[in-house]
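Novice: Sharing model_20.pdb here; it has PDB, C-alpha atoms and all ligand atoms.
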```
ATOM      1  CA  MET J   1     102.148 114.595  78.509  1.00  0.00           C
ATOM      2  CA  LYS J   2     103.937 114.097  81.827  1.00  0.00           C
ATOM      3  CA  PRO J   3     102.831 110.927  83.630  1.00  0.00           C
ATOM      4  CA  THR J   4     100.844 111.003  86.844  1.00  0.00           C
ATOM      5  CA  PHE J   5     102.410 108.866  89.571  1.00  0.00           C
ATOM      6  CA  ILE J   6     100.143 107.016  91.987  1.00  0.00           C
ATOM      7  CA  GLY J   7     101.703 105.477  95.089  1.00  0.00           C
ATOM      8  CA  ILE J   8     100.155 102.556  96.956  1.00  0.00           C
ATOM      9  CA  ALA J   9     101.669 101.672 100.335  1.00  0.00           C
ATOM     10  CA  GLY J  10     100.546  99.437 103.208  1.00  0.00           C
ATOM     11  CA  GLY J  11     101.671  96.409 105.143  1.00  0.00           C
ATOM     12  CA  THR J  12     102.605  93.090 103.624  1.00  0.00           C
ATOM     13  CA  GLY J  13      99.494  91.248 102.418  1.00  0.00           C
ATOM     14  CA  SER J  14      97.313  94.344 102.775  1.00  0.00           C
ATOM     15  CA  GLY J  15      96.216  94.193  99.126  1.00  0.00           C
ATOM     16  CA  LYS J  16      98.504  96.747  97.427  1.00  0.00           C
ATOM     17  CA  THR J  17      99.073  94.616  94.322  1.00  0.00           C
ATOM     18  CA  THR J  18      95.365  93.843  94.120  1.00  0.00           C
ATOM     19  CA  VAL J  19      94.450  97.543  94.267  1.00  0.00           C
ATOM     20  CA  ALA J  20      97.082  98.351  91.601  1.00  0.00           C
ATOM     21  CA  LYS J  21      95.685  95.634  89.307  1.00  0.00           C
ATOM     22  CA  ILE J  22      92.087  96.842  89.778  1.00  0.00           C
ATOM     23  CA  ILE J  23      93.171 100.345  88.716  1.00  0.00           C
ATOM     24  CA  GLN J  24      95.027  98.938  85.704  1.00  0.00           C
ATOM     25  CA  LYS J  25      92.098  96.727  84.707  1.00  0.00           C
ATOM     26  CA  SER J  26      89.732  99.680  84.797  1.00  0.00           C
ATOM     27  CA  LEU J  27      91.981 102.084  82.848  1.00  0.00           C
ATOM     28  CA  GLY J  28      93.663  99.637  80.474  1.00  0.00           C
ATOM     29  CA  LYS J  29      97.266  98.572  79.992  1.00  0.00           C
ATOM     30  CA  ASP J  30      97.804 101.199  77.289  1.00  0.00           C
ATOM     31  CA  LYS J  31      97.302 103.944  79.900  1.00  0.00           C
ATOM     32  CA  THR J  32      98.953 102.373  82.950  1.00  0.00           C
ATOM     33  CA  ALA J  33     102.161 100.750  84.111  1.00  0.00           C
ATOM     34  CA  ILE J  34     102.649  99.014  87.472  1.00  0.00           C
ATOM     35  CA  ILE J  35     105.980  98.977  89.285  1.00  0.00           C
ATOM     36  CA  SER J  36     106.472  96.936  92.451  1.00  0.00           C
ATOM     37  CA  MET J  37     108.941  98.066  95.075  1.00  0.00           C
ATOM     38  CA  ASP J  38     109.706  94.361  95.555  1.00  0.00           C
ATOM     39  CA  SER J  39     111.723  94.611  92.310  1.00  0.00           C
ATOM     40  CA  TYR J  40     114.074  97.035  94.052  1.00  0.00           C
ATOM     41  CA  TYR J  41     115.332  94.773  96.836  1.00  0.00           C
ATOM     42  CA  LYS J  42     119.127  95.123  96.951  1.00  0.00           C
ATOM     43  CA  ASP J  43     121.152  92.240  95.622  1.00  0.00           C
ATOM     44  CA  PHE J  44     123.730  90.506  97.841  1.00  0.00           C
ATOM     45  CA  PRO J  45     125.671  88.145  95.541  1.00  0.00           C
ATOM     46  CA  GLU J  46     128.565  88.029  98.032  1.00  0.00           C
ATOM     47  CA  LEU J  47     126.321  86.287 100.609  1.00  0.00           C
ATOM     48  CA  THR J  48     125.236  82.632 100.591  1.00  0.00           C
ATOM     49  CA  ILE J  49     121.504  81.890 100.329  1.00  0.00           C
ATOM     50  CA  GLU J  50     121.512  80.862 104.011  1.00  0.00           C
ATOM     51  CA  GLU J  51     122.973  84.285 104.910  1.00  0.00           C
ATOM     52  CA  ARG J  52     120.485  86.065 102.604  1.00  0.00           C
ATOM     53  CA  LYS J  53     117.563  84.296 104.291  1.00  0.00           C
ATOM     54  CA  LYS J  54     118.542  85.958 107.581  1.00  0.00           C
ATOM     55  CA  LEU J  55     118.462  89.549 106.261  1.00  0.00           C
ATOM     56  CA  ASN J  56     115.805  92.019 107.386  1.00  0.00           C
ATOM     57  CA  TYR J  57     113.635  92.553 104.298  1.00  0.00           C
ATOM     58  CA  ASP J  58     111.348  95.034 106.028  1.00  0.00           C
ATOM     59  CA  HIS J  59     113.940  97.663 107.010  1.00  0.00           C
ATOM     60  CA  PRO J  60     114.151 100.847 104.891  1.00  0.00           C
ATOM     61  CA  SER J  61     117.861 100.227 104.178  1.00  0.00           C
ATOM     62  CA  ILE J  62     117.169  96.979 102.252  1.00  0.00           C
ATOM     63  CA  PHE J  63     115.734  98.748  99.189  1.00  0.00           C
ATOM     64  CA  ASP J  64     117.771 100.152  96.285  1.00  0.00           C
ATOM     65  CA  ILE J  65     116.129 103.563  96.510  1.00  0.00           C
ATOM     66  CA  GLU J  66     118.672 105.210  94.205  1.00  0.00           C
ATOM     67  CA  LEU J  67     117.678 102.887  91.373  1.00  0.00           C
ATOM     68  CA  LEU J  68     113.962 103.333  92.060  1.00  0.00           C
ATOM     69  CA  LYS J  69     114.387 107.120  92.061  1.00  0.00           C
ATOM     70  CA  LYS J  70     116.353 107.031  88.795  1.00  0.00           C
ATOM     71  CA  HIS J  71     113.668 104.872  87.193  1.00  0.00           C
ATOM     72  CA  LEU J  72     110.849 107.190  88.273  1.00  0.00           C
ATOM     73  CA  GLU J  73     112.839 110.176  86.948  1.00  0.00           C
ATOM     74  CA  ASP J  74     113.345 108.364  83.635  1.00  0.00           C
ATOM     75  CA  LEU J  75     109.633 107.575  83.274  1.00  0.00           C
ATOM     76  CA  LYS J  76     108.815 111.178  84.147  1.00  0.00           C
ATOM     77  CA  HIS J  77     110.941 112.220  81.166  1.00  0.00           C
ATOM     78  CA  GLY J  78     109.457 109.626  78.821  1.00  0.00           C
ATOM     79  CA  ILE J  79     112.400 107.202  78.989  1.00  0.00           C
ATOM     80  CA  PRO J  80     111.645 103.434  79.184  1.00  0.00           C
ATOM     81  CA  ILE J  81     113.203 101.530  82.099  1.00  0.00           C
ATOM     82  CA  LYS J  82     114.498  98.022  82.734  1.00  0.00           C
ATOM     83  CA  VAL J  83     113.166  96.789  86.072  1.00  0.00           C
ATOM     84  CA  PRO J  84     115.196  93.982  87.683  1.00  0.00           C
ATOM     85  CA  ILE J  85     113.217  90.791  88.259  1.00  0.00           C
ATOM     86  CA  TYR J  86     113.510  89.576  91.864  1.00  0.00           C
ATOM     87  CA  SER J  87     113.257  85.965  92.985  1.00  0.00           C
ATOM     88  CA  PHE J  88     111.717  85.376  96.416  1.00  0.00           C
ATOM     89  CA  GLU J  89     112.791  81.726  96.188  1.00  0.00           C
ATOM     90  CA  LYS J  90     116.454  82.709  95.722  1.00  0.00           C
ATOM     91  CA  TYR J  91     116.317  85.890  97.837  1.00  0.00           C
ATOM     92  CA  ALA J  92     118.146  87.585  94.948  1.00  0.00           C
ATOM     93  CA  ARG J  93     117.775  89.294  91.591  1.00  0.00           C
ATOM     94  CA  THR J  94     117.443  86.840  88.711  1.00  0.00           C
ATOM     95  CA  GLY J  95     119.640  88.818  86.320  1.00  0.00           C
ATOM     96  CA  GLU J  96     116.610  89.303  84.054  1.00  0.00           C
ATOM     97  CA  PHE J  97     114.683  92.509  83.500  1.00  0.00           C
ATOM     98  CA  GLU J  98     111.179  93.656  82.642  1.00  0.00           C
ATOM     99  CA  ASP J  99     110.865  96.520  80.172  1.00  0.00           C
ATOM    100  CA  ILE J 100     108.479  99.205  81.407  1.00  0.00           C
ATOM    101  CA  TYR J 101     107.436 101.929  78.975  1.00  0.00           C
ATOM    102  CA  PRO J 102     106.210 105.402  79.942  1.00  0.00           C
ATOM    103  CA  LYS J 103     102.416 105.582  80.316  1.00  0.00           C
ATOM    104  CA  PRO J 104     100.059 108.394  81.392  1.00  0.00           C
ATOM    105  CA  ILE J 105      99.493 106.679  84.757  1.00  0.00           C
ATOM    106  CA  ILE J 106     102.413 105.054  86.603  1.00  0.00           C
ATOM    107  CA  ILE J 107     101.318 103.022  89.631  1.00  0.00           C
ATOM    108  CA  VAL J 108     104.013 102.146  92.173  1.00  0.00           C
ATOM    109  CA  GLU J 109     103.293  99.846  95.123  1.00  0.00           C
ATOM    110  CA  GLY J 110     105.381  98.811  98.107  1.00  0.00           C
ATOM    111  CA  ILE J 111     105.471  98.457 101.874  1.00  0.00           C
ATOM    112  CA  LEU J 112     107.794 101.416 102.471  1.00  0.00           C
ATOM    113  CA  LEU J 113     106.980 103.575  99.465  1.00  0.00           C
ATOM    114  CA  PHE J 114     106.083 106.634 101.557  1.00  0.00           C
ATOM    115  CA  TYR J 115     109.073 106.305 103.886  1.00  0.00           C
ATOM    116  CA  TYR J 116     111.591 108.122 101.667  1.00  0.00           C
ATOM    117  CA  ASP J 117     111.047 111.886 101.022  1.00  0.00           C
ATOM    118  CA  GLU J 118     112.657 111.717  97.595  1.00  0.00           C
ATOM    119  CA  ILE J 119     110.303 108.942  96.439  1.00  0.00           C
ATOM    120  CA  ARG J 120     107.165 110.255  98.147  1.00  0.00           C
ATOM    121  CA  ASP J 121     107.469 113.540  96.272  1.00  0.00           C
ATOM    122  CA  PHE J 122     106.752 111.837  92.927  1.00  0.00           C
ATOM    123  CA  PHE J 123     103.198 110.879  93.807  1.00  0.00           C
ATOM    124  CA  SER J 124     100.156 112.984  92.949  1.00  0.00           C
ATOM    125  CA  ILE J 125      97.921 110.506  94.766  1.00  0.00           C
ATOM    126  CA  LYS J 126      99.133 108.553  97.787  1.00  0.00           C
ATOM    127  CA  ILE J 127      97.002 105.579  98.827  1.00  0.00           C
ATOM    128  CA  PHE J 128      97.534 103.524 102.002  1.00  0.00           C
ATOM    129  CA  VAL J 129      95.841 100.137 102.077  1.00  0.00           C
ATOM    130  CA  ASP J 130      94.859  99.480 105.671  1.00  0.00           C
ATOM    131  CA  THR J 131      94.146  95.848 106.457  1.00  0.00           C
ATOM    132  CA  ASP J 132      94.135  94.224 109.892  1.00  0.00           C
ATOM    133  CA  PRO J 133      97.348  92.395 110.852  1.00  0.00           C
ATOM    134  CA  ASP J 134      95.572  89.060 111.454  1.00  0.00           C
ATOM    135  CA  VAL J 135      94.158  89.134 107.926  1.00  0.00           C
ATOM    136  CA  ARG J 136      97.526  90.148 106.480  1.00  0.00           C
ATOM    137  CA  ILE J 137      99.454  87.344 108.175  1.00  0.00           C
ATOM    138  CA  ILE J 138      96.927  84.733 107.036  1.00  0.00           C
ATOM    139  CA  ARG J 139      97.219  86.005 103.447  1.00  0.00           C
ATOM    140  CA  ARG J 140     100.994  86.129 103.716  1.00  0.00           C
ATOM    141  CA  ILE J 141     101.280  82.553 104.979  1.00  0.00           C
ATOM    142  CA  GLU J 142      99.114  81.318 102.118  1.00  0.00           C
ATOM    143  CA  ARG J 143     100.962  83.364  99.465  1.00  0.00           C
ATOM    144  CA  ASP J 144     104.521  82.740 100.679  1.00  0.00           C
ATOM    145  CA  VAL J 145     103.974  78.974 100.969  1.00  0.00           C
ATOM    146  CA  LEU J 146     102.160  78.652  97.624  1.00  0.00           C
ATOM    147  CA  GLU J 147     104.013  81.257  95.539  1.00  0.00           C
ATOM    148  CA  ARG J 148     107.282  82.216  97.219  1.00  0.00           C
ATOM    149  CA  GLY J 149     108.694  78.773  98.111  1.00  0.00           C
ATOM    150  CA  ARG J 150     108.543  79.274 101.889  1.00  0.00           C
ATOM    151  CA  THR J 151     107.692  76.902 104.736  1.00  0.00           C
ATOM    152  CA  LEU J 152     105.002  77.706 107.313  1.00  0.00           C
ATOM    153  CA  LYS J 153     107.677  77.798 110.035  1.00  0.00           C
ATOM    154  CA  SER J 154     109.888  80.229 108.100  1.00  0.00           C
ATOM    155  CA  VAL J 155     106.976  82.608 107.420  1.00  0.00           C
ATOM    156  CA  ILE J 156     105.987  82.624 111.093  1.00  0.00           C
ATOM    157  CA  ASN J 157     109.580  83.145 112.322  1.00  0.00           C
ATOM    158  CA  GLN J 158     110.217  85.955 109.819  1.00  0.00           C
ATOM    159  CA  TYR J 159     106.920  87.613 110.721  1.00  0.00           C
ATOM    160  CA  LEU J 160     107.688  87.641 114.453  1.00  0.00           C
ATOM    161  CA  GLU J 161     111.391  88.538 114.148  1.00  0.00           C
ATOM    162  CA  THR J 162     111.347  91.286 111.507  1.00  0.00           C
ATOM    163  CA  VAL J 163     108.101  91.808 109.551  1.00  0.00           C
ATOM    164  CA  ARG J 164     105.897  92.714 112.517  1.00  0.00           C
ATOM    165  CA  PRO J 165     108.370  94.985 114.407  1.00  0.00           C
ATOM    166  CA  MET J 166     109.402  96.780 111.192  1.00  0.00           C
ATOM    167  CA  HIS J 167     105.758  97.267 110.259  1.00  0.00           C
ATOM    168  CA  ILE J 168     105.072  98.933 113.600  1.00  0.00           C
ATOM    169  CA  GLN J 169     108.257 101.047 113.505  1.00  0.00           C
ATOM    170  CA  PHE J 170     108.439 102.050 109.838  1.00  0.00           C
ATOM    171  CA  VAL J 171     105.396 101.120 107.716  1.00  0.00           C
ATOM    172  CA  GLU J 172     102.450 102.091 109.922  1.00  0.00           C
ATOM    173  CA  PRO J 173     103.763 105.649 110.629  1.00  0.00           C
ATOM    174  CA  THR J 174     103.843 106.398 106.861  1.00  0.00           C
ATOM    175  CA  LYS J 175     100.048 106.293 106.865  1.00  0.00           C
ATOM    176  CA  GLN J 176     100.279 109.978 107.857  1.00  0.00           C
ATOM    177  CA  PHE J 177     101.497 110.795 104.330  1.00  0.00           C
ATOM    178  CA  ALA J 178      98.522 109.187 102.570  1.00  0.00           C
ATOM    179  CA  ASP J 179      95.840 111.207 100.788  1.00  0.00           C
ATOM    180  CA  ILE J 180      93.447 108.270 100.981  1.00  0.00           C
ATOM    181  CA  ILE J 181      93.375 105.320 103.374  1.00  0.00           C
ATOM    182  CA  ILE J 182      91.479 102.303 102.051  1.00  0.00           C
ATOM    183  CA  PRO J 183      90.168 100.046 104.791  1.00  0.00           C
ATOM    184  CA  ARG J 184      90.169  96.355 103.743  1.00  0.00           C
ATOM    185  CA  GLY J 185      91.763  96.932 100.331  1.00  0.00           C
ATOM    186  CA  GLY J 186      90.608  96.122  96.814  1.00  0.00           C
ATOM    187  CA  LYS J 187      87.223  94.677  97.739  1.00  0.00           C
ATOM    188  CA  ASN J 188      86.238  98.050  99.172  1.00  0.00           C
ATOM    189  CA  GLU J 189      84.204  98.984  96.100  1.00  0.00           C
ATOM    190  CA  ILE J 190      83.226 102.468  97.227  1.00  0.00           C
ATOM    191  CA  ALA J 191      86.837 103.438  97.915  1.00  0.00           C
ATOM    192  CA  MET J 192      87.921 101.966  94.569  1.00  0.00           C
ATOM    193  CA  ASP J 193      85.155 103.853  92.713  1.00  0.00           C
ATOM    194  CA  ILE J 194      86.229 107.155  94.302  1.00  0.00           C
ATOM    195  CA  ILE J 195      89.895 106.539  93.458  1.00  0.00           C
ATOM    196  CA  LEU J 196      89.083 105.512  89.872  1.00  0.00           C
ATOM    197  CA  ALA J 197      86.884 108.584  89.345  1.00  0.00           C
ATOM    198  CA  LYS J 198      89.725 110.838  90.503  1.00  0.00           C
ATOM    199  CA  ILE J 199      92.287 109.148  88.225  1.00  0.00           C
ATOM    200  CA  LYS J 200      89.911 109.299  85.247  1.00  0.00           C
ATOM    201  CA  SER J 201      89.379 113.015  85.838  1.00  0.00           C
ATOM    202  CA  ILE J 202      93.178 113.511  85.777  1.00  0.00           C
ATOM    203  CA  LEU J 203      93.390 111.537  82.509  1.00  0.00           C
ATOM    204  CA  ASN J 204      90.679 113.678  80.911  1.00  0.00           C
ATOM    205  CA  GLN J 205      92.291 117.005  81.844  1.00  0.00           C
TER
HETATM  206  N1  LIG J 301      90.181  92.387  99.576  1.00  0.00           N
HETATM  207  C1  LIG J 301      90.663  91.142  99.507  1.00  0.00           C
HETATM  208  N2  LIG J 301      89.932  90.087  99.890  1.00  0.00           N
HETATM  209  C2  LIG J 301      90.418  88.840  99.860  1.00  0.00           C
HETATM  210  N3  LIG J 301      91.673  88.513  99.462  1.00  0.00           N
HETATM  211  C3  LIG J 301      92.449  89.517  99.070  1.00  0.00           C
HETATM  212  C4  LIG J 301      92.011  90.882  99.063  1.00  0.00           C
HETATM  213  N4  LIG J 301      93.034  91.676  98.638  1.00  0.00           N
HETATM  214  C5  LIG J 301      94.043  90.829  98.382  1.00  0.00           C
HETATM  215  N5  LIG J 301      93.722  89.549  98.640  1.00  0.00           N
HETATM  216  C6  LIG J 301      94.603  88.373  98.506  1.00  0.00           C
HETATM  217  O1  LIG J 301      95.606  88.479  99.527  1.00  0.00           O
HETATM  218  C7  LIG J 301      96.891  88.152  99.009  1.00  0.00           C
HETATM  219  C8  LIG J 301      97.819  89.345  99.187  1.00  0.00           C
HETATM  220  O2  LIG J 301      97.289  90.406  98.390  1.00  0.00           O
HETATM  221  P1  LIG J 301      98.266  91.378  97.602  1.00  0.00           P
HETATM  222  O3  LIG J 301      97.407  92.300  96.791  1.00  0.00           O
HETATM  223  O4  LIG J 301      99.315  90.594  96.860  1.00  0.00           O
HETATM  224  O5  LIG J 301      98.923  92.159  98.819  1.00  0.00           O
HETATM  225  P2  LIG J 301     100.257  93.015  98.936  1.00  0.00           P
HETATM  226  O6  LIG J 301     100.647  93.418  97.530  1.00  0.00           O
HETATM  227  O7  LIG J 301      99.874  94.180  99.792  1.00  0.00           O
HETATM  228  O8  LIG J 301     101.263  92.134  99.600  1.00  0.00           O
HETATM  229  C9  LIG J 301      96.687  87.738  97.561  1.00  0.00           C
HETATM  230  O9  LIG J 301      96.598  86.336  97.512  1.00  0.00           O
HETATM  231  C10 LIG J 301      95.354  88.374  97.179  1.00  0.00           C
HETATM  232  O10 LIG J 301      94.673  87.629  96.204  1.00  0.00           O
HETATM  233  O1  LIG J 302     113.710  88.074  99.684  1.00  0.00           O
HETATM  234  C1  LIG J 302     112.708  88.563 100.227  1.00  0.00           C
HETATM  235  C2  LIG J 302     112.265  89.866  99.980  1.00  0.00           C
HETATM  236  C3  LIG J 302     111.135  90.330 100.608  1.00  0.00           C
HETATM  237  N1  LIG J 302     110.439  89.543 101.462  1.00  0.00           N
HETATM  238  C4  LIG J 302     109.196  90.045 102.099  1.00  0.00           C
HETATM  239  O2  LIG J 302     108.345  90.626 101.144  1.00  0.00           O
HETATM  240  C5  LIG J 302     107.458  91.535 101.808  1.00  0.00           C
HETATM  241  C6  LIG J 302     107.033  92.658 100.895  1.00  0.00           C
HETATM  242  O3  LIG J 302     106.279  92.164  99.815  1.00  0.00           O
HETATM  243  P1  LIG J 302     104.672  92.331  99.778  1.00  0.00           P
HETATM  244  O4  LIG J 302     104.375  91.887  98.365  1.00  0.00           O
HETATM  245  O5  LIG J 302     104.363  93.757 100.013  1.00  0.00           O
HETATM  246  O6  LIG J 302     104.089  91.436 100.799  1.00  0.00           O
HETATM  247  C7  LIG J 302     108.231  92.079 103.001  1.00  0.00           C
HETATM  248  O7  LIG J 302     107.398  92.088 104.147  1.00  0.00           O
HETATM  249  C8  LIG J 302     109.431  91.114 103.147  1.00  0.00           C
HETATM  250  O8  LIG J 302     109.452  90.516 104.406  1.00  0.00           O
HETATM  251  C9  LIG J 302     110.862  88.269 101.704  1.00  0.00           C
HETATM  252  O9  LIG J 302     110.229  87.523 102.493  1.00  0.00           O
HETATM  253  N2  LIG J 302     111.986  87.806 101.075  1.00  0.00           N
END
```
Go ahead and express the file in the form of structure tokens.
Ligand SMILES: Nc1ncnc2c1ncn2[C@@H]1O[C@H](COP(=O)(O)OP(=O)(O)O)[C@@H](O)[C@H]1O
Ligand SMILES: O=c1ccn([C@@H]2O[C@H](COP(=O)(O)O)[C@@H](O)[C@H]2O)c(=O)[nH]1
Specialist:
Amino acid sequence: MKPTFIGIAGGTGSGKTTVAKIIQKSLGKDKTAIISMDSYYKDFPELTIEERKKLNYDHPSIFDIELLKKHLEDLKHGIPIKVPIYSFEKYARTGEFEDIYPKPIIIVEGILLFYYDEIRDFFSIKIFVDTDPDVRIIRRIERDVLERGRTLKSVINQYLETVRPMHIQFVEPTKQFADIIIPRGGKNEIAMDIILAKIKSILNQ
């Protein structure tokens, strides 16, 4: 059985990971795998950490799309993949990998997932999580300070300098490619029920 790929895009802090986990919880880990685009940030070992901190992590050129494409191709053909583990504290790959095995449903989530034609074409269902920017920045501050080793000042500066302008220029326009737009994200129970019913019908075909 060829896997069905489900893409979840949306701005930072919109709730993409949360939506992916709700789908996985409902269907079970034996039927689903989750891949985060965050694992495909390019590595810059030639730069110092201070130089890496200044990079634009919200521009389409910062992702290793060739590797992501190869991995999706591999899963499509039943081949397990080794996903690089990324450290937000170090702004670099850790050198470790997570083994992901082919499953009937492969969920991929990321801010710019629908930007690249060659990646977009994999997805049978494209979901865009649409959450207001004020809510997203509040969530991002909380998460980046608690979980990603950032200071309040650094989150605010990064948001104003790169995250916000890149969102407007590159992320928001990819909403046009979505099949379903979920306002407010994973706590939108009706939207989640509709999405889960559709995925279950695909699984039962
Ligand atoms: N609908 C929601 N209501 C309240 N908090 C949420 C909701 N969705 C996500 N969150 C919280 O917001 C933060 C960012 O959510 P996450 O799913 O990681 O977003 P993304 O993957 O889009 O960056 C997390 O701490 C998560 O628990
Ligand atoms: O080293 C890094 C790499 C990425 N970021 C930020 O991460 C978000 C995307 O992750 P979400 O989980 O979708 O929020 C992106 O906006 C980058 O700015 C980073 O801060 N540092």
Novice: Return as an MDAnalysis selection string the set of residues that the PyMOL selection byres (((chain J and resi 86) around 10) and not hetatm) yields on the displayed structure.
Specialist: chainID J and resid 38:43 83:85 87:97
Novice: Spell out the residues picked by the PyMOL selection byres (((not hetatm)) within 6 of (chain J and resi 301)) here, as a list in words.
Specialist: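 Output from the PyMOL selection byres (((not hetatm)) within 6 of (chain J and resi 301)), applied to this file: Thr12, Gly13, Ser14, Gly15, Lys16, Thr17, Thr18, Arg139, Arg143, Arg184, Gly185, Gly186 and Lys187 of chain J.
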Novice: Since we have the selection now, will you write its residues out, keeping C-alpha atoms, as a PDB file, in the coordinates of the input?
Specialist:
```pdb
ATOM      1  CA  THR J  12     102.605  93.090 103.624  1.00  0.00           C
ATOM      2  CA  GLY J  13      99.494  91.248 102.418  1.00  0.00           C
ATOM      3  CA  SER J  14      97.313  94.344 102.775  1.00  0.00           C
ATOM      4  CA  GLY J  15      96.216  94.193  99.126  1.00  0.00           C
ATOM      5  CA  LYS J  16      98.504  96.747  97.427  1.00  0.00           C
ATOM      6  CA  THR J  17      99.073  94.616  94.322  1.00  0.00           C
ATOM      7  CA  THR J  18      95.365  93.843  94.120  1.00  0.00           C
ATOM      8  CA  ARG J 139      97.219  86.005 103.447  1.00  0.00           C
ATOM      9  CA  ARG J 143     100.962  83.364  99.465  1.00  0.00           C
ATOM     10  CA  ARG J 184      90.169  96.355 103.743  1.00  0.00           C
ATOM     11  CA  GLY J 185      91.763  96.932 100.331  1.00  0.00           C
ATOM     12  CA  GLY J 186      90.608  96.122  96.814  1.00  0.00           C
ATOM     13  CA  LYS J 187      87.223  94.677  97.739  1.00  0.00           C
TER      14      LYS J 187
END
```
Novice: Do you know which residues the PyMOL selection byres (((chain J and resi 118-121) around 9) and not hetatm) returns on this file, as a PDB file with C-alpha atoms, in the coordinates of the input?
Specialist:
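Output (result_25.pdb):
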```pdb
ATOM      1  CA  GLY J   7     101.703 105.477  95.089  1.00  0.00           C
ATOM      2  CA  ILE J  65     116.129 103.563  96.510  1.00  0.00           C
ATOM      3  CA  LEU J  68     113.962 103.333  92.060  1.00  0.00           C
ATOM      4  CA  LYS J  69     114.387 107.120  92.061  1.00  0.00           C
ATOM      5  CA  LEU J  72     110.849 107.190  88.273  1.00  0.00           C
ATOM      6  CA  LEU J 113     106.980 103.575  99.465  1.00  0.00           C
ATOM      7  CA  PHE J 114     106.083 106.634 101.557  1.00  0.00           C
ATOM      8  CA  TYR J 115     109.073 106.305 103.886  1.00  0.00           C
ATOM      9  CA  TYR J 116     111.591 108.122 101.667  1.00  0.00           C
ATOM     10  CA  ASP J 117     111.047 111.886 101.022  1.00  0.00           C
ATOM     11  CA  PHE J 122     106.752 111.837  92.927  1.00  0.00           C
ATOM     12  CA  PHE J 123     103.198 110.879  93.807  1.00  0.00           C
ATOM     13  CA  SER J 124     100.156 112.984  92.949  1.00  0.00           C
ATOM     14  CA  LYS J 126      99.133 108.553  97.787  1.00  0.00           C
ATOM     15  CA  PHE J 177     101.497 110.795 104.330  1.00  0.00           C
TER      16      PHE J 177
END
```
Novice: Would you mind telling me which residue in J:Tyr57, J:Phe128, J:Phe63, J:Tyr101 lies nearest to Thr162 (chain J) when using only C-alpha atoms?
Specialist: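 Closest to Thr162 (chain J), using only C-alpha atoms: J:Tyr57.
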Novice: Enclose all atoms of ligand LIG 302 (chain J) listed in the file in an axis-aligned box, grow every side by 6 Å, and hand back centre and edge lengths in Å to one decimal, as lines of an AutoDock Vina configuration file.
Specialist:
```
center_x = 108.9
center_y = 90.6
center_z = 101.4
size_x = 21.6
size_y = 18.2
size_z = 18.0
```
Novice: Neighbouring residues of region 19-34 of chain J were defined as those with any atom within 7 Å, considering only C-alpha atoms; residues of the same chain fewer than 4 positions away were excluded. Please report them as a compact mmCIF listing (two decimals) with C-alpha atoms, keeping the file's coordinate frame.
Specialist:
```txt
# COMPACT_ATOMS: atom_id res chain seq x y z
CA GLY J 15 96.22 94.19 99.13
CA LYS J 103 102.42 105.58 80.32
CA PRO J 104 100.06 108.39 81.39
CA ILE J 105 99.49 106.68 84.76
CA ILE J 106 102.41 105.05 86.60
CA ILE J 107 101.32 103.02 89.63
CA VAL J 108 104.01 102.15 92.17
CA GLY J 185 91.76 96.93 100.33
CA GLY J 186 90.61 96.12 96.81
CA LEU J 196 89.08 105.51 89.87
```
Novice: In terms of the shortest atom-to-atom distance over all atoms listed in the file, which of J:Ile127, J:Ile141, J:Pro3, J:Asn204 is closest to Asp74 (chain J)?
Specialist: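 Nearest candidate to Asp74 (chain J) out of J:Ile127, J:Ile141, J:Pro3, J:Asn204: J:Pro3.
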Novice: Mind giving me the straight-line distance from CA of Gly110 (chain J) to atom O5 of ligand LIG 302 (chain J) in Å, one decimal?
Specialist: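 CA of Gly110 (chain J) sits 5.5 Å away from atom O5 of ligand LIG 302 (chain J).
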Novice: Just want the 7 Å neighbourhood of region 171-175 of chain J, counted on only C-alpha atoms, with same-chain residues fewer than 3 positions away dropped. Output as a PyMOL selection string.
Specialist: chain J and resi 10-11+111-112+114-115+128+166-168+178
Novice: What is the distance, in Å and to one decimal place, between CA of Asp179 (chain J) and CA of Thr4 (chain J)?
Specialist: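 Atom-to-atom, CA of Asp179 (chain J) and CA of Thr4 (chain J) are spaced 14.8 Å apart.
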Novice: What is the atom C4 of ligand LIG 302 (chain J) to CA of Gln176 (chain J) distance in Å?
Specialist: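 For atom C4 of ligand LIG 302 (chain J) relative to CA of Gln176 (chain J), the distance reads 22.6 Å.
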